[in-house]
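Shown below: final-v9.pdb, with PDB, C-alpha atoms, pLDDT in the B column.
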ATOM      1  CA  MET A   2      -7.705  -5.854 -20.701  1.00 69.00           C
ATOM      2  CA  GLY A   3     -11.027  -7.604 -20.276  1.00 90.00           C
ATOM      3  CA  LEU A   4     -11.997 -11.128 -19.390  1.00 96.00           C
ATOM      4  CA  THR A   5     -12.477 -14.082 -21.728  1.00 98.00           C
ATOM      5  CA  ILE A   6     -14.222 -17.288 -20.695  1.00 98.00           C
ATOM      6  CA  ASP A   7     -14.365 -20.444 -22.833  1.00 97.00           C
ATOM      7  CA  ILE A   8     -16.061 -23.731 -22.005  1.00 96.00           C
ATOM      8  CA  GLU A   9     -14.896 -27.095 -23.313  1.00 94.00           C
ATOM      9  CA  ARG A  10     -17.133 -30.015 -22.474  1.00 90.00           C
ATOM     10  CA  SER A  11     -16.059 -33.627 -22.596  1.00 85.00           C
ATOM     11  CA  SER A  12     -17.566 -36.783 -21.125  1.00 80.00           C
ATOM     12  CA  ASP A  13     -15.411 -36.874 -18.033  1.00 83.00           C
ATOM     13  CA  GLU A  14     -14.718 -33.221 -17.295  1.00 91.00           C
ATOM     14  CA  THR A  15     -15.905 -29.733 -18.162  1.00 96.00           C
ATOM     15  CA  LEU A  16     -13.147 -27.203 -18.511  1.00 97.00           C
ATOM     16  CA  ILE A  17     -13.747 -23.483 -18.064  1.00 98.00           C
ATOM     17  CA  ARG A  18     -10.786 -21.544 -19.398  1.00 98.00           C
ATOM     18  CA  VAL A  19     -10.449 -18.057 -17.917  1.00 98.00           C
ATOM     19  CA  ALA A  20      -8.077 -15.362 -19.200  1.00 98.00           C
ATOM     20  CA  GLY A  21      -7.585 -11.691 -18.430  1.00 98.00           C
ATOM     21  CA  GLU A  22      -8.653  -9.674 -15.404  1.00 98.00           C
ATOM     22  CA  VAL A  23     -11.200 -10.903 -12.861  1.00 98.00           C
ATOM     23  CA  ASP A  24     -12.423  -7.945 -10.823  1.00 98.00           C
ATOM     24  CA  LEU A  25     -15.623  -6.373  -9.497  1.00 97.00           C
ATOM     25  CA  TYR A  26     -16.645  -5.538 -13.066  1.00 97.00           C
ATOM     26  CA  SER A  27     -15.967  -8.905 -14.683  1.00 98.00           C
ATOM     27  CA  SER A  28     -16.447 -11.449 -11.865  1.00 97.00           C
ATOM     28  CA  PRO A  29     -20.287 -11.556 -12.186  1.00 97.00           C
ATOM     29  CA  GLU A  30     -19.843 -13.046 -15.682  1.00 98.00           C
ATOM     30  CA  LEU A  31     -17.490 -15.724 -14.370  1.00 98.00           C
ATOM     31  CA  ARG A  32     -19.870 -16.438 -11.473  1.00 98.00           C
ATOM     32  CA  LYS A  33     -22.790 -16.846 -13.869  1.00 98.00           C
ATOM     33  CA  THR A  34     -20.780 -19.186 -16.136  1.00 97.00           C
ATOM     34  CA  ILE A  35     -19.551 -21.408 -13.290  1.00 98.00           C
ATOM     35  CA  LEU A  36     -22.887 -21.625 -11.462  1.00 97.00           C
ATOM     36  CA  ALA A  37     -24.728 -22.359 -14.718  1.00 96.00           C
ATOM     37  CA  ALA A  38     -22.230 -25.097 -15.631  1.00 96.00           C
ATOM     38  CA  VAL A  39     -22.248 -26.979 -12.316  1.00 96.00           C
ATOM     39  CA  PRO A  40     -25.690 -28.694 -12.585  1.00 94.00           C
ATOM     40  CA  SER A  41     -24.958 -30.066 -16.076  1.00 91.00           C
ATOM     41  CA  VAL A  42     -21.503 -31.442 -15.297  1.00 91.00           C
ATOM     42  CA  GLU A  43     -21.303 -35.188 -14.767  1.00 85.00           C
ATOM     43  CA  ALA A  44     -17.907 -35.818 -13.255  1.00 87.00           C
ATOM     44  CA  GLY A  45     -16.004 -32.683 -12.526  1.00 94.00           C
ATOM     45  CA  LEU A  46     -15.439 -29.041 -13.274  1.00 97.00           C
ATOM     46  CA  ALA A  47     -11.947 -27.718 -13.931  1.00 98.00           C
ATOM     47  CA  ILE A  48     -11.238 -23.992 -13.917  1.00 98.00           C
ATOM     48  CA  HIS A  49      -8.160 -23.240 -16.000  1.00 98.00           C
ATOM     49  CA  LEU A  50      -6.504 -20.080 -14.677  1.00 98.00           C
ATOM     50  CA  SER A  51      -3.106 -19.839 -16.378  1.00 98.00           C
ATOM     51  CA  GLY A  52      -4.217 -16.822 -18.424  1.00 98.00           C
ATOM     52  CA  VAL A  53      -5.527 -14.799 -15.491  1.00 98.00           C
ATOM     53  CA  THR A  54      -3.448 -11.632 -15.129  1.00 98.00           C
ATOM     54  CA  TYR A  55      -5.376 -10.229 -12.162  1.00 98.00           C
ATOM     55  CA  ILE A  56      -7.912 -11.452  -9.623  1.00 98.00           C
ATOM     56  CA  ASP A  57      -9.488  -9.589  -6.702  1.00 97.00           C
ATOM     57  CA  SER A  58     -11.549 -10.733  -3.700  1.00 95.00           C
ATOM     58  CA  SER A  59     -14.752 -10.847  -5.755  1.00 95.00           C
ATOM     59  CA  GLY A  60     -13.019 -13.275  -8.131  1.00 97.00           C
ATOM     60  CA  VAL A  61     -11.733 -15.384  -5.238  1.00 95.00           C
ATOM     61  CA  ALA A  62     -15.232 -15.390  -3.699  1.00 93.00           C
ATOM     62  CA  THR A  63     -16.577 -16.545  -7.075  1.00 96.00           C
ATOM     63  CA  LEU A  64     -14.215 -19.536  -7.033  1.00 96.00           C
ATOM     64  CA  VAL A  65     -15.231 -20.345  -3.443  1.00 94.00           C
ATOM     65  CA  GLU A  66     -18.896 -20.148  -4.395  1.00 94.00           C
ATOM     66  CA  GLY A  67     -18.266 -22.418  -7.393  1.00 96.00           C
ATOM     67  CA  MET A  68     -16.544 -24.941  -5.160  1.00 95.00           C
ATOM     68  CA  ARG A  69     -19.439 -24.852  -2.686  1.00 93.00           C
ATOM     69  CA  SER A  70     -21.959 -25.360  -5.463  1.00 96.00           C
ATOM     70  CA  ALA A  71     -19.923 -28.256  -6.918  1.00 96.00           C
ATOM     71  CA  ARG A  72     -19.893 -29.867  -3.495  1.00 95.00           C
ATOM     72  CA  GLU A  73     -23.695 -29.638  -3.292  1.00 95.00           C
ATOM     73  CA  TYR A  74     -23.973 -31.393  -6.649  1.00 96.00           C
ATOM     74  CA  GLU A  75     -21.303 -33.885  -5.586  1.00 95.00           C
ATOM     75  CA  ILE A  76     -18.988 -33.196  -8.495  1.00 95.00           C
ATOM     76  CA  GLY A  77     -15.280 -32.423  -8.496  1.00 96.00           C
ATOM     77  CA  PHE A  78     -13.988 -28.861  -8.581  1.00 97.00           C
ATOM     78  CA  VAL A  79     -10.362 -28.217  -9.409  1.00 97.00           C
ATOM     79  CA  LEU A  80      -8.232 -25.185 -10.279  1.00 98.00           C
ATOM     80  CA  VAL A  81      -5.816 -25.892 -13.125  1.00 98.00           C
ATOM     81  CA  ALA A  82      -2.463 -24.117 -13.592  1.00 98.00           C
ATOM     82  CA  PRO A  83      -3.261 -20.987 -11.593  1.00 98.00           C
ATOM     83  CA  SER A  84      -1.129 -18.060 -12.761  1.00 98.00           C
ATOM     84  CA  PRO A  85       1.239 -16.297 -10.321  1.00 97.00           C
ATOM     85  CA  ALA A  86      -1.368 -13.507 -10.012  1.00 96.00           C
ATOM     86  CA  VAL A  87      -3.948 -16.031  -8.781  1.00 98.00           C
ATOM     87  CA  THR A  88      -1.558 -17.897  -6.490  1.00 97.00           C
ATOM     88  CA  GLN A  89      -0.382 -14.667  -4.875  1.00 96.00           C
ATOM     89  CA  VAL A  90      -3.911 -13.575  -3.953  1.00 96.00           C
ATOM     90  CA  LEU A  91      -4.976 -17.034  -2.742  1.00 96.00           C
ATOM     91  CA  GLU A  92      -1.896 -17.145  -0.491  1.00 94.00           C
ATOM     92  CA  LEU A  93      -2.513 -13.627   0.793  1.00 94.00           C
ATOM     93  CA  ALA A  94      -6.126 -14.586   1.606  1.00 92.00           C
ATOM     94  CA  ARG A  95      -4.919 -17.856   3.218  1.00 90.00           C
ATOM     95  CA  LEU A  96      -7.177 -19.757   0.844  1.00 91.00           C
ATOM     96  CA  ASP A  97      -4.443 -21.591  -1.069  1.00 90.00           C
ATOM     97  CA  SER A  98      -5.043 -24.835   0.831  1.00 91.00           C
ATOM     98  CA  VAL A  99      -8.811 -24.742   0.346  1.00 91.00           C
ATOM     99  CA  PHE A 100      -8.798 -25.591  -3.354  1.00 95.00           C
ATOM    100  CA  GLU A 101      -7.676 -28.694  -5.142  1.00 96.00           C
ATOM    101  CA  VAL A 102      -5.032 -27.501  -7.602  1.00 97.00           C
ATOM    102  CA  ARG A 103      -3.697 -29.399 -10.586  1.00 94.00           C
TER     103      ARG A 103
ATOM    104  CA  MET B  21       6.005  16.318  -3.129  1.00 58.00           C
ATOM    105  CA  ASP B  22       5.780  16.885  -6.848  1.00 78.00           C
ATOM    106  CA  ARG B  23       5.002  13.279  -7.711  1.00 88.00           C
ATOM    107  CA  ASP B  24       1.915  13.152  -5.522  1.00 95.00           C
ATOM    108  CA  LEU B  25      -1.301  12.370  -7.363  1.00 96.00           C
ATOM    109  CA  ARG B  26      -4.952  13.022  -6.682  1.00 97.00           C
ATOM    110  CA  VAL B  27      -7.622  11.593  -8.939  1.00 97.00           C
ATOM    111  CA  GLU B  28     -11.389  11.534  -8.803  1.00 97.00           C
ATOM    112  CA  VAL B  29     -13.231   8.760 -10.599  1.00 97.00           C
ATOM    113  CA  ARG B  30     -16.853   7.777 -10.933  1.00 98.00           C
ATOM    114  CA  SER B  31     -17.971   4.803  -8.835  1.00 98.00           C
ATOM    115  CA  ASP B  32     -18.125   2.621 -11.947  1.00 98.00           C
ATOM    116  CA  PRO B  33     -16.534  -0.849 -11.732  1.00 97.00           C
ATOM    117  CA  LYS B  34     -15.507  -0.490 -15.398  1.00 96.00           C
ATOM    118  CA  LEU B  35     -12.936   2.097 -14.307  1.00 97.00           C
ATOM    119  CA  LEU B  36     -11.151  -0.139 -11.768  1.00 98.00           C
ATOM    120  CA  SER B  37      -8.796  -1.474 -14.429  1.00 97.00           C
ATOM    121  CA  SER B  38      -7.558   2.054 -15.224  1.00 97.00           C
ATOM    122  CA  ILE B  39      -7.128   2.816 -11.517  1.00 97.00           C
ATOM    123  CA  ARG B  40      -4.982  -0.313 -11.150  1.00 98.00           C
ATOM    124  CA  SER B  41      -2.729   0.702 -14.066  1.00 97.00           C
ATOM    125  CA  LEU B  42      -2.256   4.164 -12.596  1.00 97.00           C
ATOM    126  CA  VAL B  43      -1.464   2.855  -9.099  1.00 98.00           C
ATOM    127  CA  ARG B  44       0.953   0.247 -10.454  1.00 97.00           C
ATOM    128  CA  ARG B  45       2.923   2.832 -12.469  1.00 96.00           C
ATOM    129  CA  TRP B  46       3.090   5.229  -9.522  1.00 97.00           C
ATOM    130  CA  VAL B  47       4.131   2.590  -6.972  1.00 96.00           C
ATOM    131  CA  GLU B  48       6.791   1.120  -9.264  1.00 94.00           C
ATOM    132  CA  SER B  49       8.229   4.609  -9.784  1.00 94.00           C
ATOM    133  CA  TRP B  50       9.254   4.435  -6.102  1.00 94.00           C
ATOM    134  CA  ASP B  51      11.377   1.300  -6.559  1.00 90.00           C
ATOM    135  CA  VAL B  52       8.885  -0.954  -4.814  1.00 94.00           C
ATOM    136  CA  ASP B  53       9.504  -4.580  -5.782  1.00 94.00           C
ATOM    137  CA  SER B  54       7.094  -6.137  -8.227  1.00 93.00           C
ATOM    138  CA  LYS B  55       5.442  -8.519  -5.708  1.00 94.00           C
ATOM    139  CA  THR B  56       4.750  -5.726  -3.203  1.00 96.00           C
ATOM    140  CA  ALA B  57       3.553  -3.446  -6.011  1.00 96.00           C
ATOM    141  CA  GLY B  58       1.086  -6.174  -7.050  1.00 97.00           C
ATOM    142  CA  GLU B  59      -0.218  -6.435  -3.487  1.00 97.00           C
ATOM    143  CA  VAL B  60      -0.613  -2.650  -3.202  1.00 98.00           C
ATOM    144  CA  VAL B  61      -2.513  -2.566  -6.503  1.00 98.00           C
ATOM    145  CA  LEU B  62      -4.825  -5.310  -5.190  1.00 98.00           C
ATOM    146  CA  ALA B  63      -5.440  -3.537  -1.875  1.00 98.00           C
ATOM    147  CA  ILE B  64      -6.187  -0.150  -3.476  1.00 98.00           C
ATOM    148  CA  ASP B  65      -8.500  -1.902  -5.937  1.00 98.00           C
ATOM    149  CA  GLU B  66     -10.280  -3.534  -2.978  1.00 97.00           C
ATOM    150  CA  ALA B  67     -10.676  -0.154  -1.231  1.00 97.00           C
ATOM    151  CA  CYS B  68     -12.170   1.398  -4.387  1.00 98.00           C
ATOM    152  CA  ALA B  69     -14.363  -1.675  -4.984  1.00 96.00           C
ATOM    153  CA  ASN B  70     -15.687  -1.410  -1.415  1.00 95.00           C
ATOM    154  CA  ALA B  71     -16.602   2.240  -2.017  1.00 96.00           C
ATOM    155  CA  ILE B  72     -18.466   1.221  -5.185  1.00 96.00           C
ATOM    156  CA  ARG B  73     -20.219  -1.840  -3.745  1.00 94.00           C
ATOM    157  CA  HIS B  74     -20.980  -0.740  -0.226  1.00 93.00           C
ATOM    158  CA  ALA B  75     -20.720   3.055   0.151  1.00 95.00           C
ATOM    159  CA  TYR B  76     -22.494   3.756  -3.169  1.00 96.00           C
ATOM    160  CA  GLU B  77     -24.409   0.456  -3.137  1.00 94.00           C
ATOM    161  CA  GLY B  78     -23.496  -0.181  -6.774  1.00 92.00           C
ATOM    162  CA  ARG B  79     -24.542   3.254  -8.105  1.00 95.00           C
ATOM    163  CA  PRO B  80     -22.057   4.332 -10.806  1.00 95.00           C
ATOM    164  CA  ASP B  81     -22.555   8.100 -10.340  1.00 96.00           C
ATOM    165  CA  GLY B  82     -20.756   8.543  -7.013  1.00 97.00           C
ATOM    166  CA  CYS B  83     -17.277  10.009  -6.674  1.00 97.00           C
ATOM    167  CA  VAL B  84     -14.265   8.018  -5.454  1.00 97.00           C
ATOM    168  CA  GLU B  85     -11.203  10.094  -4.654  1.00 97.00           C
ATOM    169  CA  LEU B  86      -7.763   8.521  -4.614  1.00 98.00           C
ATOM    170  CA  THR B  87      -4.605  10.246  -3.399  1.00 98.00           C
ATOM    171  CA  LEU B  88      -1.082   8.860  -3.676  1.00 98.00           C
ATOM    172  CA  HIS B  89       1.506  10.571  -1.523  1.00 97.00           C
ATOM    173  CA  ALA B  90       5.142   9.827  -0.777  1.00 96.00           C
ATOM    174  CA  GLU B  91       7.040  10.594   2.427  1.00 95.00           C
ATOM    175  CA  ALA B  92      10.687   9.808   3.062  1.00 93.00           C
ATOM    176  CA  ASP B  93       9.875   6.654   5.015  1.00 94.00           C
ATOM    177  CA  HIS B  94       6.515   5.569   3.651  1.00 96.00           C
ATOM    178  CA  LEU B  95       4.031   5.710   0.778  1.00 97.00           C
ATOM    179  CA  GLU B  96       0.576   6.845   1.761  1.00 98.00           C
ATOM    180  CA  PHE B  97      -2.660   6.066  -0.069  1.00 98.00           C
ATOM    181  CA  GLN B  98      -6.099   7.449   0.615  1.00 98.00           C
ATOM    182  CA  VAL B  99      -9.408   6.312  -0.844  1.00 98.00           C
ATOM    183  CA  SER B 100     -12.469   8.381   0.039  1.00 97.00           C
ATOM    184  CA  ASP B 101     -16.104   8.419  -0.906  1.00 97.00           C
ATOM    185  CA  GLU B 102     -19.241  10.366  -0.048  1.00 96.00           C
ATOM    186  CA  GLY B 103     -21.491   7.343   0.294  1.00 96.00           C
ATOM    187  CA  VAL B 104     -22.962   5.358   3.153  1.00 94.00           C
ATOM    188  CA  PRO B 105     -20.591   5.188   6.153  1.00 92.00           C
ATOM    189  CA  CYS B 106     -19.077   1.784   6.738  1.00 87.00           C
ATOM    190  CA  PRO B 107     -20.128   0.239  10.105  1.00 85.00           C
ATOM    191  CA  PRO B 108     -17.051   0.203  12.401  1.00 82.00           C
ATOM    192  CA  GLU B 109     -17.168  -3.581  12.840  1.00 82.00           C
ATOM    193  CA  CYS B 110     -16.705  -4.027   9.065  1.00 81.00           C
ATOM    194  CA  ALA B 111     -13.362  -2.212   9.185  1.00 82.00           C
ATOM    195  CA  GLU B 112     -11.917  -4.355  11.964  1.00 82.00           C
ATOM    196  CA  ARG B 113      -8.997  -6.626  11.309  1.00 83.00           C
ATOM    197  CA  ARG B 114      -9.844 -10.268  11.771  1.00 80.00           C
ATOM    198  CA  PRO B 115      -7.411 -13.132  11.528  1.00 74.00           C
ATOM    199  CA  LEU B 116      -7.375 -14.754   8.102  1.00 73.00           C
ATOM    200  CA  GLY B 117      -7.607 -18.519   8.083  1.00 64.00           C
ATOM    201  CA  PRO B 118      -8.178 -21.253   8.865  1.00 54.00           C
ATOM    202  CA  PRO B 119     -10.815 -20.295   6.346  1.00 61.00           C
ATOM    203  CA  ASP B 120     -14.444 -20.710   7.113  1.00 63.00           C
ATOM    204  CA  ILE B 121     -15.415 -20.956   3.473  1.00 65.00           C
ATOM    205  CA  ASP B 122     -19.077 -21.502   4.181  1.00 66.00           C
ATOM    206  CA  ASN B 123     -19.292 -18.011   5.613  1.00 65.00           C
ATOM    207  CA  LEU B 124     -16.859 -16.196   3.374  1.00 63.00           C
ATOM    208  CA  GLN B 125     -18.134 -12.803   2.238  1.00 58.00           C
ATOM    209  CA  SER B 126     -16.196 -11.131  -0.559  1.00 52.00           C
ATOM    210  CA  GLY B 127     -16.631  -7.630   0.900  1.00 55.00           C
ATOM    211  CA  GLY B 128     -15.175  -8.760   4.211  1.00 82.00           C
ATOM    212  CA  LEU B 129     -12.299 -10.486   2.442  1.00 89.00           C
ATOM    213  CA  GLY B 130     -11.383  -7.257   0.635  1.00 92.00           C
ATOM    214  CA  ILE B 131     -10.980  -5.369   3.938  1.00 92.00           C
ATOM    215  CA  GLN B 132      -8.841  -8.188   5.359  1.00 92.00           C
ATOM    216  CA  LEU B 133      -6.578  -8.102   2.275  1.00 95.00           C
ATOM    217  CA  ILE B 134      -6.097  -4.347   2.807  1.00 96.00           C
ATOM    218  CA  HIS B 135      -5.016  -4.999   6.413  1.00 95.00           C
ATOM    219  CA  GLU B 136      -2.739  -7.792   5.225  1.00 95.00           C
ATOM    220  CA  VAL B 137      -0.887  -5.663   2.639  1.00 97.00           C
ATOM    221  CA  PHE B 138      -0.317  -2.373   4.481  1.00 97.00           C
ATOM    222  CA  ASP B 139       1.686  -1.549   7.603  1.00 97.00           C
ATOM    223  CA  GLU B 140      -0.947   0.885   8.867  1.00 97.00           C
ATOM    224  CA  VAL B 141      -4.623   1.186   7.968  1.00 96.00           C
ATOM    225  CA  ALA B 142      -7.050   3.766   9.355  1.00 95.00           C
ATOM    226  CA  PHE B 143     -10.766   4.035   8.622  1.00 94.00           C
ATOM    227  CA  CYS B 144     -12.224   7.505   9.254  1.00 93.00           C
ATOM    228  CA  PRO B 145     -15.338   9.434   8.297  1.00 91.00           C
ATOM    229  CA  GLY B 146     -14.840  11.312   5.006  1.00 88.00           C
ATOM    230  CA  LYS B 147     -14.559  15.098   4.769  1.00 84.00           C
ATOM    231  CA  ARG B 148     -17.998  15.362   3.182  1.00 84.00           C
ATOM    232  CA  GLY B 149     -19.588  12.337   4.836  1.00 89.00           C
ATOM    233  CA  GLY B 150     -18.868   8.824   3.659  1.00 94.00           C
ATOM    234  CA  ASN B 151     -15.583   7.093   4.347  1.00 96.00           C
ATOM    235  CA  CYS B 152     -11.880   7.709   4.117  1.00 96.00           C
ATOM    236  CA  ILE B 153      -9.349   4.871   4.291  1.00 97.00           C
ATOM    237  CA  THR B 154      -5.705   5.819   4.811  1.00 97.00           C
ATOM    238  CA  MET B 155      -3.137   3.109   4.079  1.00 98.00           C
ATOM    239  CA  LYS B 156       0.586   3.344   4.727  1.00 98.00           C
ATOM    240  CA  LEU B 157       3.366   1.217   3.300  1.00 98.00           C
ATOM    241  CA  ARG B 158       6.828   1.510   4.881  1.00 96.00           C
ATOM    242  CA  ARG B 159       9.600   2.122   2.378  1.00 90.00           C
ATOM    243  CA  THR B 160      12.559  -0.173   2.745  1.00 78.00           C
ATOM    244  CA  LYS B 161      14.969   2.013   0.775  1.00 55.00           C
TER     245      LYS B 161
END
Go through the file and emit its structure as structure tokens.
Amino acid sequence: MGLTIDIERSSDETLIRVAGEVDLYSSPELRKTILAAVPSVEAGLAIHLSGVTYIDSSGVATLVEGMRSAREYEIGFVLVAPSPAVTQVLELARLDSVFEVR
Amino acid sequence: MDRDLRVEVRSDPKLLSSIRSLVRRWVESWDVDSKTAGEVVLAIDEACANAIRHAYEGRPDGCVELTLHAEADHLEFQVSDEGVPCPPECAERRPLGPPDIDNLQSGGLGIQLIHEVFDEVAFCPGKRGGNCITMKLRRTK
């Protein structure tokens, strides 16, 4: 199972919907999408993760990097509906309290 | 034991998904609960990803060897490569959190997740150079 990434832009928030497996092979695409989106977002960036069936440390690092970049541009960065696969890895990495989750 | 497995795969990140499926099926065949099985799959994936990223520096033509072995009281996993040896300080266990997100390196996080999941982790030189990580999970049944 691969990775699918969709972007929905609206005036107040840009939503990046991620589904499938985020690993060493697929995380560079997610990284590129998030880092390219950040400068053009006005209010906030939301990463929708309910369809993520697997995420590894490169995927987690991608989310951290996205959050850092959003902070530099002074926009919001929120994870939406993280799947159990995402929550489990964030907890294991002790990073569950780092992100704003909705 | 007759259910032991040994596989050799190319150091190509495209193949990690297949490795994960194989590891998940094997681990679940030993009545490991689904949450623990998920963590083992993650940790083995991280060990293979480290071999690809660091030992082979992203080259897809290296060889990663994975062995899955069961003993009465534990499951034992080995991931070896013939790439660049990992500096000893990279293999050390460091406490996770409170997270210093400004300095988070994904490679370092992978090693820490491996330590977090398994009961015993040993980093040794490989048989033909490179690295060999041995990871043991105690069986509760």
Test item: residues at most 9 Å from stretch 143-155 of chain B, all atoms listed in the file, excluding those fewer than 5 positions along its chain, as number ranges by chain: B: 64, 67, 71, 75, 95-106, 108, 111, 134-135, 138
Here atom CA of B:Pro80 and atom CA of B:Arg30 stand apart by 6.2 Å
Output the residue selection produced by the PyMOL selection byres ((chain A and resi 69) around 12) on the file above, formatted as a PyMOL selection string. (chain A and resi 35-36+39+62-68+70-79+99-100) or (chain B and resi 120-124)
Please produce a file of those selected residues containing C-alpha atoms, as a PDB file, keeping the file's coordinate frame.
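out_38.pdb was written with the following content:
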ATOM      1  CA  ILE A  35     -19.551 -21.408 -13.290  1.00 98.00           C
ATOM      2  CA  LEU A  36     -22.887 -21.625 -11.462  1.00 97.00           C
ATOM      3  CA  VAL A  39     -22.248 -26.979 -12.316  1.00 96.00           C
ATOM      4  CA  ALA A  62     -15.232 -15.390  -3.699  1.00 93.00           C
ATOM      5  CA  THR A  63     -16.577 -16.545  -7.075  1.00 96.00           C
ATOM      6  CA  LEU A  64     -14.215 -19.536  -7.033  1.00 96.00           C
ATOM      7  CA  VAL A  65     -15.231 -20.345  -3.443  1.00 94.00           C
ATOM      8  CA  GLU A  66     -18.896 -20.148  -4.395  1.00 94.00           C
ATOM      9  CA  GLY A  67     -18.266 -22.418  -7.393  1.00 96.00           C
ATOM     10  CA  MET A  68     -16.544 -24.941  -5.160  1.00 95.00           C
ATOM     11  CA  SER A  70     -21.959 -25.360  -5.463  1.00 96.00           C
ATOM     12  CA  ALA A  71     -19.923 -28.256  -6.918  1.00 96.00           C
ATOM     13  CA  ARG A  72     -19.893 -29.867  -3.495  1.00 95.00           C
ATOM     14  CA  GLU A  73     -23.695 -29.638  -3.292  1.00 95.00           C
ATOM     15  CA  TYR A  74     -23.973 -31.393  -6.649  1.00 96.00           C
ATOM     16  CA  GLU A  75     -21.303 -33.885  -5.586  1.00 95.00           C
ATOM     17  CA  ILE A  76     -18.988 -33.196  -8.495  1.00 95.00           C
ATOM     18  CA  GLY A  77     -15.280 -32.423  -8.496  1.00 96.00           C
ATOM     19  CA  PHE A  78     -13.988 -28.861  -8.581  1.00 97.00           C
ATOM     20  CA  VAL A  79     -10.362 -28.217  -9.409  1.00 97.00           C
ATOM     21  CA  VAL A  99      -8.811 -24.742   0.346  1.00 91.00           C
ATOM     22  CA  PHE A 100      -8.798 -25.591  -3.354  1.00 95.00           C
TER      23      PHE A 100
ATOM     24  CA  ASP B 120     -14.444 -20.710   7.113  1.00 63.00           C
ATOM     25  CA  ILE B 121     -15.415 -20.956   3.473  1.00 65.00           C
ATOM     26  CA  ASP B 122     -19.077 -21.502   4.181  1.00 66.00           C
ATOM     27  CA  ASN B 123     -19.292 -18.011   5.613  1.00 65.00           C
ATOM     28  CA  LEU B 124     -16.859 -16.196   3.374  1.00 63.00           C
TER      29      LEU B 124
END
Residues near stretch 46-49 of chain A, anyone? I mean within 10 Å using all atoms listed in the file, not counting same-chain ones fewer than 4 positions away, as a short mmCIF file (atom, residue, chain, number, x, y, z; two decimals) with C-alpha atoms, in the coordinates of the input.
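New file out28.cif:
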data_model
loop_
_atom_site.label_atom_id
_atom_site.label_comp_id
_atom_site.auth_asym_id
_atom_site.auth_seq_id
_atom_site.Cartn_x
_atom_site.Cartn_y
_atom_site.Cartn_z
CA ILE A 6 -14.22 -17.29 -20.70
CA ASP A 7 -14.36 -20.44 -22.83
CA ILE A 8 -16.06 -23.73 -22.00
CA GLU A 9 -14.90 -27.10 -23.31
CA ARG A 10 -17.13 -30.02 -22.47
CA ASP A 13 -15.41 -36.87 -18.03
CA GLU A 14 -14.72 -33.22 -17.30
CA THR A 15 -15.90 -29.73 -18.16
CA LEU A 16 -13.15 -27.20 -18.51
CA ILE A 17 -13.75 -23.48 -18.06
CA ARG A 18 -10.79 -21.54 -19.40
CA VAL A 19 -10.45 -18.06 -17.92
CA ALA A 20 -8.08 -15.36 -19.20
CA ILE A 35 -19.55 -21.41 -13.29
CA ALA A 38 -22.23 -25.10 -15.63
CA VAL A 39 -22.25 -26.98 -12.32
CA SER A 41 -24.96 -30.07 -16.08
CA VAL A 42 -21.50 -31.44 -15.30
CA VAL A 53 -5.53 -14.80 -15.49
CA LEU A 64 -14.22 -19.54 -7.03
CA GLY A 67 -18.27 -22.42 -7.39
CA MET A 68 -16.54 -24.94 -5.16
CA ALA A 71 -19.92 -28.26 -6.92
CA ILE A 76 -18.99 -33.20 -8.49
CA GLY A 77 -15.28 -32.42 -8.50
CA PHE A 78 -13.99 -28.86 -8.58
CA VAL A 79 -10.36 -28.22 -9.41
CA LEU A 80 -8.23 -25.18 -10.28
CA VAL A 81 -5.82 -25.89 -13.12
CA ALA A 82 -2.46 -24.12 -13.59
CA PRO A 83 -3.26 -20.99 -11.59
CA SER A 84 -1.13 -18.06 -12.76
CA GLU A 101 -7.68 -28.69 -5.14
CA VAL A 102 -5.03 -27.50 -7.60
CA ARG A 103 -3.70 -29.40 -10.59
#
Would you place a box with edges along x, y and z of the file around all atoms of stretch 31-40 of chain A listed there, add 4 Å to each of its six sides, and report the centre and edge lengths in Å to one decimal, as AutoDock Vina command-line options?
--center_x -21.6 --center_y -22.2 --center_z -13.8 --size_x 16.2 --size_y 21.0 --size_z 12.7
What is the distance, in Å and to one decimal place, between atom CA of B:Asp32 and atom CA of A:Thr34?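 Result for atom CA of B:Asp32 versus atom CA of A:Thr34: 22.4 Å, one decimal.
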For stretch 12-19 of chain A, where the input has fewer atoms than it should, I would like N, CA and C atoms rebuilt and written as a CSV table (one decimal), in the coordinates of the input.
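Heads up, here's the output in part_12.csv:
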chain,number,residue,atom,x,y,z
A,12,SER,N,-16.7,-35.9,-21.9
A,12,SER,CA,-17.6,-36.8,-21.1
A,12,SER,C,-17.1,-36.8,-19.7
A,13,ASP,N,-15.8,-36.7,-19.4
A,13,ASP,CA,-15.4,-36.9,-18.0
A,13,ASP,C,-15.2,-35.6,-17.3
A,14,GLU,N,-15.0,-34.5,-18.0
A,14,GLU,CA,-14.7,-33.2,-17.3
A,14,GLU,C,-15.1,-32.0,-18.1
A,15,THR,N,-15.6,-31.0,-17.5
A,15,THR,CA,-15.9,-29.7,-18.2
A,15,THR,C,-14.8,-28.7,-17.8
A,16,LEU,N,-14.2,-28.1,-18.8
A,16,LEU,CA,-13.1,-27.2,-18.5
A,16,LEU,C,-13.6,-25.8,-18.8
A,17,ILE,N,-13.5,-24.9,-17.8
A,17,ILE,CA,-13.7,-23.5,-18.1
A,17,ILE,C,-12.4,-22.8,-18.1
A,18,ARG,N,-12.1,-22.2,-19.2
A,18,ARG,CA,-10.8,-21.5,-19.4
A,18,ARG,C,-11.0,-20.0,-19.2
A,19,VAL,N,-10.3,-19.5,-18.3
A,19,VAL,CA,-10.4,-18.1,-17.9
A,19,VAL,C,-9.2,-17.3,-18.2
